[in-house]
file input-v1.csv (CSV, C-alpha atoms)
chain,number,residue,atom,x,y,z
A,1,MET,CA,6.3,-7.8,-14.7
A,2,ARG,CA,4.9,-10.7,-12.7
A,3,HIS,CA,1.3,-11.0,-11.9
A,4,VAL,CA,-1.0,-12.5,-9.3
A,5,GLU,CA,-1.9,-15.9,-10.7
A,6,HIS,CA,-4.9,-16.9,-8.6
A,7,SER,CA,-7.5,-14.6,-7.1
A,8,VAL,CA,-11.3,-14.3,-6.8
A,9,SER,CA,-11.2,-11.0,-8.7
A,10,SER,CA,-14.2,-10.3,-11.0
A,11,SER,CA,-11.9,-8.5,-13.4
A,12,PRO,CA,-10.3,-10.0,-16.4
A,13,LYS,CA,-7.4,-7.6,-16.0
A,14,ARG,CA,-4.0,-8.9,-14.8
A,15,LEU,CA,-2.9,-7.6,-11.4
A,16,SER,CA,0.8,-6.7,-11.4
A,17,LYS,CA,2.8,-7.8,-8.4
A,18,ILE,CA,4.2,-4.3,-8.1
A,19,GLY,CA,1.7,-1.5,-8.2
A,20,LEU,CA,1.9,2.2,-7.6
A,21,GLY,CA,0.7,3.9,-4.5
A,22,THR,CA,-0.3,7.5,-4.9
A,23,TRP,CA,-0.6,9.0,-1.4
A,24,GLN,CA,2.1,11.4,-2.4
A,25,PHE,CA,0.2,12.8,-5.3
A,26,GLY,CA,-0.9,16.3,-4.3
A,27,SER,CA,-0.5,15.6,-0.5
A,28,ARG,CA,1.3,18.5,1.1
A,29,GLU,CA,2.6,16.4,4.0
A,30,TRP,CA,5.1,14.7,1.7
A,31,GLY,CA,6.6,18.0,0.7
A,32,TYR,CA,7.2,17.1,-3.0
A,33,GLY,CA,5.9,20.5,-4.2
A,34,SER,CA,3.7,21.8,-6.9
A,35,GLU,CA,6.0,20.9,-9.8
A,36,TYR,CA,5.8,17.2,-8.8
A,37,ALA,CA,2.0,17.4,-8.5
A,38,ASP,CA,1.7,19.3,-11.9
A,39,GLN,CA,4.2,17.3,-13.9
A,40,GLY,CA,6.3,14.8,-12.1
A,41,ALA,CA,3.4,12.6,-10.9
A,42,ALA,CA,2.1,12.3,-14.5
A,43,GLN,CA,5.5,11.3,-15.7
A,44,VAL,CA,5.7,8.6,-13.0
A,45,VAL,CA,2.3,7.2,-14.0
A,46,ARG,CA,3.2,7.1,-17.7
A,47,ARG,CA,6.5,5.3,-17.0
A,48,ALA,CA,4.7,2.9,-14.7
A,49,LEU,CA,2.3,2.0,-17.5
A,50,GLU,CA,5.2,1.4,-19.9
A,51,LEU,CA,6.8,-0.9,-17.3
A,52,GLY,CA,3.8,-3.1,-17.1
A,53,ILE,CA,2.4,-1.9,-13.8
A,54,THR,CA,-1.4,-2.3,-13.8
A,55,VAL,CA,-2.4,-1.7,-10.2
A,56,PHE,CA,-2.8,1.9,-9.3
A,57,ASP,CA,-4.0,2.7,-5.8
A,58,THR,CA,-5.4,6.0,-4.4
A,59,ALA,CA,-8.0,7.3,-1.9
A,60,GLU,CA,-10.4,10.1,-1.4
A,61,ALA,CA,-8.4,11.1,1.7
A,62,TYR,CA,-5.1,11.6,-0.2
A,63,GLY,CA,-4.8,15.4,-0.6
A,64,PHE,CA,-8.6,15.6,0.0
A,65,GLY,CA,-9.3,14.2,-3.4
A,66,ARG,CA,-6.4,15.7,-5.2
A,67,SER,CA,-4.5,12.4,-5.6
A,68,GLU,CA,-7.6,11.0,-7.4
A,69,ARG,CA,-7.7,14.0,-9.8
A,70,ILE,CA,-4.0,13.9,-10.5
A,71,LEU,CA,-4.0,10.1,-11.1
A,72,GLY,CA,-7.2,10.3,-13.3
A,73,ALA,CA,-5.7,13.0,-15.5
A,74,ALA,CA,-2.4,11.1,-15.9
A,75,LEU,CA,-4.2,7.9,-16.9
A,76,ALA,CA,-6.5,9.7,-19.2
A,77,ALA,CA,-3.5,10.6,-21.3
A,78,GLY,CA,-2.8,6.9,-21.8
A,79,THR,CA,-5.0,3.9,-21.8
A,80,PHE,CA,-7.3,2.3,-19.2
A,81,GLN,CA,-7.5,-1.0,-21.0
A,82,GLU,CA,-5.0,-2.8,-18.7
A,83,VAL,CA,-5.3,-0.5,-15.6
A,84,TYR,CA,-6.7,-2.0,-12.5
A,85,LEU,CA,-7.8,1.2,-10.7
A,86,ALA,CA,-8.3,1.1,-6.9
A,87,THR,CA,-9.5,3.8,-4.5
A,88,LYS,CA,-10.8,4.0,-1.0
A,89,ILE,CA,-13.6,5.6,1.0
A,90,MET,CA,-12.7,7.3,4.3
A,91,PRO,CA,-15.3,5.6,6.5
A,92,VAL,CA,-16.5,8.6,8.6
A,93,LEU,CA,-20.1,7.4,8.4
A,94,PRO,CA,-19.9,4.4,6.1
A,95,VAL,CA,-23.6,3.5,5.9
A,96,ALA,CA,-24.8,2.2,2.5
A,97,ALA,CA,-26.1,5.5,1.1
A,98,VAL,CA,-22.9,7.3,2.0
A,99,VAL,CA,-20.8,4.5,0.5
A,100,GLU,CA,-22.7,4.8,-2.8
A,101,GLN,CA,-22.4,8.6,-2.8
A,102,ARG,CA,-18.7,8.6,-2.1
A,103,ALA,CA,-18.0,6.0,-4.8
A,104,VAL,CA,-19.7,8.3,-7.4
A,105,ALA,CA,-17.6,11.2,-6.2
A,106,SER,CA,-14.4,9.3,-6.5
A,107,ALA,CA,-15.2,8.0,-9.9
A,108,SER,CA,-15.9,11.6,-11.0
A,109,ARG,CA,-12.6,12.8,-9.7
A,110,LEU,CA,-10.8,10.0,-11.5
A,111,GLY,CA,-12.8,10.6,-14.7
A,112,VAL,CA,-14.0,7.0,-15.0
A,113,ARG,CA,-17.3,5.1,-15.0
A,114,HIS,CA,-16.0,2.0,-13.3
A,115,LEU,CA,-13.8,1.4,-10.2
A,116,ASP,CA,-12.0,-1.9,-10.4
A,117,LEU,CA,-11.5,-2.0,-6.7
A,118,TYR,CA,-13.3,0.0,-4.0
A,119,GLN,CA,-12.0,-0.3,-0.5
A,120,VAL,CA,-13.0,0.7,3.0
A,121,HIS,CA,-9.9,2.7,4.1
A,122,GLN,CA,-10.2,1.9,7.8
A,123,PRO,CA,-12.5,-0.2,10.0
A,124,ASN,CA,-15.0,2.0,11.7
A,125,PRO,CA,-15.3,0.9,15.4
A,126,LEU,CA,-18.9,2.1,15.6
A,127,VAL,CA,-20.3,1.3,12.2
A,128,ARG,CA,-20.1,-2.4,11.5
A,129,ASP,CA,-19.7,-3.9,8.1
A,130,ARG,CA,-23.3,-5.0,8.0
A,131,TRP,CA,-24.2,-1.4,7.4
A,132,THR,CA,-21.4,-0.7,4.9
A,133,MET,CA,-21.4,-3.7,2.6
A,134,PRO,CA,-25.0,-3.3,1.3
A,135,GLY,CA,-23.7,-0.1,-0.3
A,136,MET,CA,-20.8,-2.0,-1.8
A,137,ARG,CA,-23.3,-4.6,-3.1
A,138,ALA,CA,-25.5,-2.0,-4.7
A,139,LEU,CA,-22.4,-0.4,-6.4
A,140,ARG,CA,-21.5,-3.8,-7.9
A,141,THR,CA,-25.0,-4.4,-9.0
A,142,VAL,CA,-25.1,-1.2,-11.1
A,143,GLY,CA,-21.6,-1.8,-12.4
A,144,LEU,CA,-19.8,1.1,-10.8
A,145,VAL,CA,-17.6,-1.2,-8.8
A,146,GLY,CA,-16.0,-4.5,-9.7
A,147,ASP,CA,-14.2,-5.8,-6.7
A,148,VAL,CA,-14.7,-4.9,-3.0
A,149,GLY,CA,-11.7,-4.5,-0.7
A,150,VAL,CA,-10.9,-3.4,2.9
A,151,SER,CA,-7.9,-1.8,4.4
A,152,ASN,CA,-6.3,-2.1,7.9
A,153,TYR,CA,-8.7,-4.9,8.8
A,154,SER,CA,-8.0,-7.7,11.2
A,155,LEU,CA,-8.6,-11.2,9.9
A,156,GLN,CA,-11.8,-11.5,11.9
A,157,ARG,CA,-13.2,-8.3,10.6
A,158,TRP,CA,-12.2,-9.2,7.0
A,159,GLN,CA,-14.2,-12.4,7.4
A,160,GLU,CA,-17.1,-10.4,8.9
A,161,ALA,CA,-17.0,-8.1,5.8
A,162,ASP,CA,-17.2,-11.2,3.6
A,163,ALA,CA,-20.3,-12.4,5.4
A,164,ALA,CA,-21.9,-8.9,5.2
A,165,LEU,CA,-21.2,-8.6,1.5
A,166,GLY,CA,-22.4,-12.0,0.7
A,167,ALA,CA,-19.5,-12.5,-1.6
A,168,PRO,CA,-15.7,-12.6,-1.4
A,169,VAL,CA,-14.1,-9.4,-0.3
A,170,LEU,CA,-11.1,-9.6,-2.6
A,171,SER,CA,-8.4,-7.8,-0.7
A,172,ASN,CA,-7.1,-6.3,2.5
A,173,GLN,CA,-4.6,-3.5,2.2
A,174,VAL,CA,-2.2,-3.4,5.2
A,175,GLU,CA,1.2,-2.2,6.3
A,176,TYR,CA,3.5,-5.1,5.5
A,177,SER,CA,7.3,-5.0,5.1
A,178,LEU,CA,10.4,-6.5,6.5
A,179,ALA,CA,10.1,-3.8,9.2
A,180,ARG,CA,6.5,-4.8,10.0
A,181,PRO,CA,6.3,-8.5,9.1
A,182,ARG,CA,4.1,-9.6,12.0
A,183,ARG,CA,1.1,-7.6,10.8
A,184,GLY,CA,0.5,-9.9,7.9
A,185,ALA,CA,0.9,-13.5,9.0
A,186,ALA,CA,-2.7,-14.5,9.6
A,187,LEU,CA,-3.9,-12.5,6.7
A,188,LEU,CA,-1.5,-14.2,4.3
A,189,GLU,CA,-2.7,-17.7,5.5
A,190,PHE,CA,-6.3,-16.7,4.7
A,191,ALA,CA,-5.3,-15.1,1.4
A,192,ALA,CA,-3.5,-18.3,0.3
A,193,ALA,CA,-6.4,-20.5,1.3
A,194,GLU,CA,-9.1,-18.4,-0.3
A,195,ASN,CA,-7.3,-16.9,-3.3
A,196,ARG,CA,-7.6,-13.4,-1.8
A,197,ILE,CA,-5.0,-10.7,-2.1
A,198,VAL,CA,-3.0,-8.8,0.6
A,199,ILE,CA,-2.0,-5.4,-0.7
A,200,ALA,CA,1.2,-4.2,1.0
A,201,TYR,CA,1.4,-0.5,1.6
A,202,SER,CA,4.6,1.0,2.9
A,203,PRO,CA,6.5,-2.1,1.7
A,204,LEU,CA,9.7,-0.1,2.1
A,205,ALA,CA,8.7,1.2,5.5
A,206,GLN,CA,8.6,4.7,4.1
A,207,GLY,CA,12.2,4.4,2.9
A,208,LEU,CA,13.7,2.9,6.0
A,209,LEU,CA,14.6,-0.3,4.1
A,210,SER,CA,16.3,1.6,1.3
A,211,GLY,CA,19.3,2.0,3.6
A,212,ARG,CA,19.5,5.8,3.0
A,213,TYR,CA,18.9,6.8,6.6
A,214,SER,CA,20.8,6.3,9.9
A,215,ALA,CA,20.8,7.8,13.4
A,216,THR,CA,23.2,10.5,12.1
A,217,HIS,CA,21.3,11.0,8.8
A,218,ARG,CA,17.6,11.1,9.6
A,219,PRO,CA,14.7,12.1,7.2
A,220,ALA,CA,13.4,15.7,7.5
A,221,GLY,CA,9.9,15.3,5.9
A,222,ARG,CA,6.8,15.6,8.0
A,223,VAL,CA,5.5,12.1,7.3
A,224,ARG,CA,8.8,10.2,8.1
A,225,SER,CA,9.7,12.4,11.1
A,226,ALA,CA,6.3,11.4,12.6
A,227,ASN,CA,7.1,7.7,12.1
A,228,SER,CA,8.6,6.0,15.1
A,229,LEU,CA,10.7,3.7,12.9
A,230,PHE,CA,12.9,6.8,12.2
A,231,LEU,CA,13.7,7.4,15.9
A,232,PRO,CA,17.4,7.4,16.4
A,233,GLU,CA,17.3,4.2,18.6
A,234,ASN,CA,15.3,2.4,15.9
A,235,LEU,CA,17.7,3.5,13.2
A,236,ASP,CA,20.4,1.9,15.2
A,237,ARG,CA,18.4,-1.2,15.8
A,238,VAL,CA,17.6,-1.7,12.1
A,239,VAL,CA,21.3,-1.9,11.1
A,240,PRO,CA,21.6,-5.8,11.2
A,241,LEU,CA,18.5,-6.0,9.0
A,242,LEU,CA,19.9,-3.5,6.5
A,243,ASP,CA,23.2,-5.4,6.5
A,244,THR,CA,21.3,-8.6,5.5
A,245,LEU,CA,19.5,-6.6,2.8
A,246,ARG,CA,22.7,-5.3,1.4
A,247,ASP,CA,24.3,-8.8,1.4
A,248,VAL,CA,21.4,-10.3,-0.6
A,249,ALA,CA,21.3,-7.2,-2.8
A,250,ALA,CA,24.9,-7.6,-3.8
A,251,ALA,CA,24.2,-11.2,-4.9
A,252,HIS,CA,21.5,-10.0,-7.3
A,253,ASP,CA,23.2,-6.7,-8.4
A,254,ALA,CA,20.2,-5.0,-6.9
A,255,THR,CA,19.5,-2.3,-4.3
A,256,PRO,CA,18.4,-3.0,-0.7
A,257,ALA,CA,15.0,-1.4,-1.6
A,258,GLN,CA,14.5,-3.8,-4.5
A,259,ILE,CA,15.3,-6.8,-2.3
A,260,ALA,CA,12.9,-5.5,0.3
A,261,LEU,CA,10.2,-5.4,-2.4
A,262,ALA,CA,11.1,-8.8,-3.7
A,263,TRP,CA,10.7,-10.2,-0.2
A,264,ALA,CA,7.2,-8.6,0.2
A,265,ILE,CA,5.9,-10.1,-3.1
A,266,HIS,CA,7.6,-13.4,-2.6
A,267,HIS,CA,4.3,-14.6,-1.2
A,268,PRO,CA,2.1,-15.4,-4.3
A,269,GLN,CA,-1.0,-13.5,-3.0
A,270,VAL,CA,0.8,-10.3,-2.1
A,271,ILE,CA,0.9,-7.1,-4.2
A,272,ALA,CA,3.2,-4.3,-3.1
A,273,ILE,CA,2.2,-0.7,-3.8
A,274,PRO,CA,5.3,1.5,-3.1
A,275,GLY,CA,5.1,5.2,-3.9
A,276,ALA,CA,7.5,6.9,-6.3
A,277,SER,CA,8.9,10.4,-6.2
A,278,SER,CA,10.5,10.1,-9.6
A,279,VAL,CA,10.6,8.1,-12.8
A,280,ALA,CA,13.9,6.6,-11.7
A,281,GLN,CA,12.2,5.3,-8.5
A,282,VAL,CA,9.3,3.7,-10.3
A,283,GLU,CA,11.7,2.0,-12.6
A,284,SER,CA,13.6,0.7,-9.7
A,285,ASN,CA,10.4,-0.5,-8.0
A,286,ALA,CA,9.2,-2.3,-11.1
A,287,ALA,CA,12.5,-4.1,-11.6
A,288,ALA,CA,12.1,-5.7,-8.2
A,289,ALA,CA,9.4,-7.9,-9.8
A,290,ASP,CA,12.1,-9.6,-11.8
A,291,ILE,CA,14.0,-10.7,-8.7
A,292,THR,CA,13.5,-14.2,-7.4
A,293,LEU,CA,14.9,-14.9,-4.0
A,294,ALA,CA,16.4,-18.2,-3.2
A,295,ASP,CA,14.9,-20.1,-0.3
A,296,ASP,CA,17.9,-19.4,1.9
A,297,GLU,CA,17.9,-15.7,1.0
A,298,TYR,CA,14.2,-15.4,1.9
A,299,ALA,CA,14.8,-17.3,5.2
A,300,ALA,CA,17.8,-15.0,6.1
A,301,LEU,CA,15.8,-11.9,5.4
A,302,THR,CA,12.8,-13.2,7.4
A,303,THR,CA,15.0,-14.1,10.3
A,304,ALA,CA,16.7,-10.7,10.3
A,305,SER,CA,13.3,-9.1,10.1
A,306,GLU,CA,12.0,-11.1,13.1
A,307,ARG,CA,15.0,-10.0,15.2
A,308,PHE,CA,14.3,-6.3,14.5
A,309,THR,CA,12.4,-5.1,17.5
A,310,PRO,CA,11.8,-1.4,17.2
A,311,VAL,CA,10.8,0.8,20.0
A,312,ALA,CA,7.0,1.0,19.8
A,313,GLY,CA,3.9,1.8,21.7
A,314,ARG,CA,4.0,4.3,24.6
A,315,ALA,CA,7.7,4.6,24.6
A,316,ALA,CA,7.7,5.5,20.9
A,317,ALA,CA,4.9,8.0,21.4
A,318,THR,CA,6.8,9.7,24.2
A,319,ALA,CA,10.0,9.9,22.1
A,320,LEU,CA,8.1,11.4,19.2
A,321,ALA,CA,6.4,13.9,21.4
A,322,THR,CA,9.7,14.9,22.9
A,323,GLN,CA,11.3,15.2,19.5
A,324,ALA,CA,8.4,17.5,18.3
A,325,LEU,CA,8.9,19.8,21.3
A,326,ARG,CA,12.6,20.2,20.5
A,327,ARG,CA,11.9,21.6,17.1
call {"tool": "encode", "arguments": {"input": "input-v1.csv", "output": "structure tokens"}}
result
Amino acid sequence: MRHVEHSVSSSPKRLSKIGLGTWQFGSREWGYGSEYADQGAAQVVRRALELGITVFDTAEAYGFGRSERILGAALAAGTFQEVYLATKIMPVLPVAAVVEQRAVASASRLGVRHLDLYQVHQPNPLVRDRWTMPGMRALRTVGLVGDVGVSNYSLQRWQEADAALGAPVLSNQVEYSLARPRRGAALLEFAAAENRIVIAYSPLAQGLLSGRYSATHRPAGRVRSANSLFLPENLDRVVPLLDTLRDVAAAHDATPAQIALAWAIHHPQVIAIPGASSVAQVESNAAAADITLADDEYAALTTASERFTPVAGRAAATALATQALRR
């Protein structure tokens, strides 16, 4: 397993380039069922630990706290010595006192006394970070929180959070993949210059980049069916990108999904946190950390990514609404 080599993290723990996202733990919208929540998730966590994955990401919003409980119970059966544990506050009213209260609640659900990374899940348009970050600062002072992060922040707002905290905000967790490359460019430049970290969620675009789906074989789950990337037109438009992924994958005896992850973590300051529905999937994800793309391969993938222009915005919203009405 490769690790981030340079960061302003306050933790002595090593941060794996491939982490484990746990939105699917106990969240009904993924449709994995009770057996996965009761047994499968714990098996995935145990195998992730064995494979050298250290970064585990959850949030109080995932399953209304159930993801935190499932992850905490699974980790309790192993060791926390190397685990870099990250969770997020849903910023409904993220003023300092609420931030402190919610961190204590998350730590309790996880069964820990220290959160390695505590993140603001979304920027609140009405409550600026000057009201939020004093709570984060207080949590660091008492030792409940190590590093502070944000999620879905623009570069400007990330820098505003820095100023409000009075210390480096370590990370920004954003959607970043070959299907969504433009969302990360400015953030990556800042991360490289300041030794920060971009945490890439949905690095496989919820499975689009696995090559399993097409316009005639679409996903049925609630989460994916509500994602405009899986509209029939977009599944047709993504074919050239998937063809490039398959070509590079063949050269490495790998899968398209592994190459998509290798592309995401090619940047030295990026950590990818794909989810995993099974032990086999977490094994596949972890193996992607061992793949080093040649310069021409990375360039070919990037070019194919830039040429992928999915239907988005109002047109996508209309198509999704029409799709929903036909069910």
call {"tool": "closest_residue", "arguments": {"input": "input-v1.csv", "among": "A:Pro125, A:Gly275, A:Gly149, A:Gly211", "to": "Thr87 (chain A)", "atoms": "all atoms listed in the file"}}
result
A:Gly149
call {"tool": "atom_distance", "arguments": {"input": "input-v1.csv", "atom1": "CA of Gln258 (chain A)", "atom2": "CA of Ser202 (chain A)"}}
result
13.3 Å
call {"tool": "closest_residue", "arguments": {"input": "input-v1.csv", "among": "A:Gln24, A:Thr58, A:Ser277, A:Thr309", "to": "Asn234 (chain A)", "atoms": "only C-alpha atoms"}}
result
A:Thr309
call {"tool": "closest_residue", "arguments": {"input": "input-v1.csv", "among": "A:Thr255, A:Gln101, A:Thr302, A:Ser108", "to": "Gln281 (chain A)", "atoms": "all atoms listed in the file"}}
result
A:Thr255
call {"tool": "closest_residue", "arguments": {"input": "input-v1.csv", "among": "A:Leu93, A:Ala74, A:Met133, A:Ile197", "to": "Ala41 (chain A)", "atoms": "only C-alpha atoms"}}
result
A:Ala74
call {"tool": "closest_residue", "arguments": {"input": "input-v1.csv", "among": "A:Asp38, A:Asp247, A:Glu100, A:Asp57", "to": "Leu20 (chain A)", "atoms": "only C-alpha atoms"}}
result
A:Asp57
call {"tool": "residues_around", "arguments": {"input": "input-v1.csv", "residues": "Val83 (chain A)", "least_positions_apart": "6", "cutoff": "8 Å", "atoms": "all atoms listed in the file", "output": "NGL selection string"}}
result
:A and (13 or 54-56)
call {"tool": "closest_residue", "arguments": {"input": "input-v1.csv", "among": "A:Pro168, A:Pro256, A:Gly111, A:Gly135", "to": "Gly207 (chain A)", "atoms": "only C-alpha atoms"}}
result
A:Pro256
call {"tool": "residues_around", "arguments": {"input": "input-v1.csv", "residues": "Glu5 (chain A)", "least_positions_apart": "2", "cutoff": "9 Å", "atoms": "all atoms listed in the file", "output": "list in words"}}
result
Arg2, His3, Ser7, Arg14, Leu15, Pro268 and Gln269 of chain A
call {"tool": "decode", "arguments": {"input": "input-v1.csv", "residues": "region 132-153 of chain A", "atoms": "C-alpha atoms", "output": "tab-separated table (two decimals), in the first residue's frame"}}
result
chain	number	residue	atom	x	y	z
A	132	THR	CA	-17.91	26.95	12.66
A	133	MET	CA	-14.15	26.81	13.06
A	134	PRO	CA	-14.00	28.05	16.68
A	135	GLY	CA	-15.77	24.80	17.56
A	136	MET	CA	-13.19	22.82	15.61
A	137	ARG	CA	-10.43	24.75	17.34
A	138	ALA	CA	-11.89	23.92	20.76
A	139	LEU	CA	-12.13	20.22	19.84
A	140	ARG	CA	-8.46	20.21	18.89
A	141	THR	CA	-7.52	21.95	22.12
A	142	VAL	CA	-9.15	19.26	24.28
A	143	GLY	CA	-7.73	16.47	22.11
A	144	LEU	CA	-10.98	15.05	20.76
A	145	VAL	CA	-10.03	16.01	17.19
A	146	GLY	CA	-6.64	15.83	15.51
A	147	ASP	CA	-7.01	17.25	12.01
A	148	VAL	CA	-9.79	19.44	10.62
A	149	GLY	CA	-11.18	18.96	7.13
A	150	VAL	CA	-13.95	20.19	4.87
A	151	SER	CA	-15.97	18.57	2.12
A	152	ASN	CA	-17.48	19.87	-1.11
A	153	TYR	CA	-15.77	23.24	-0.59
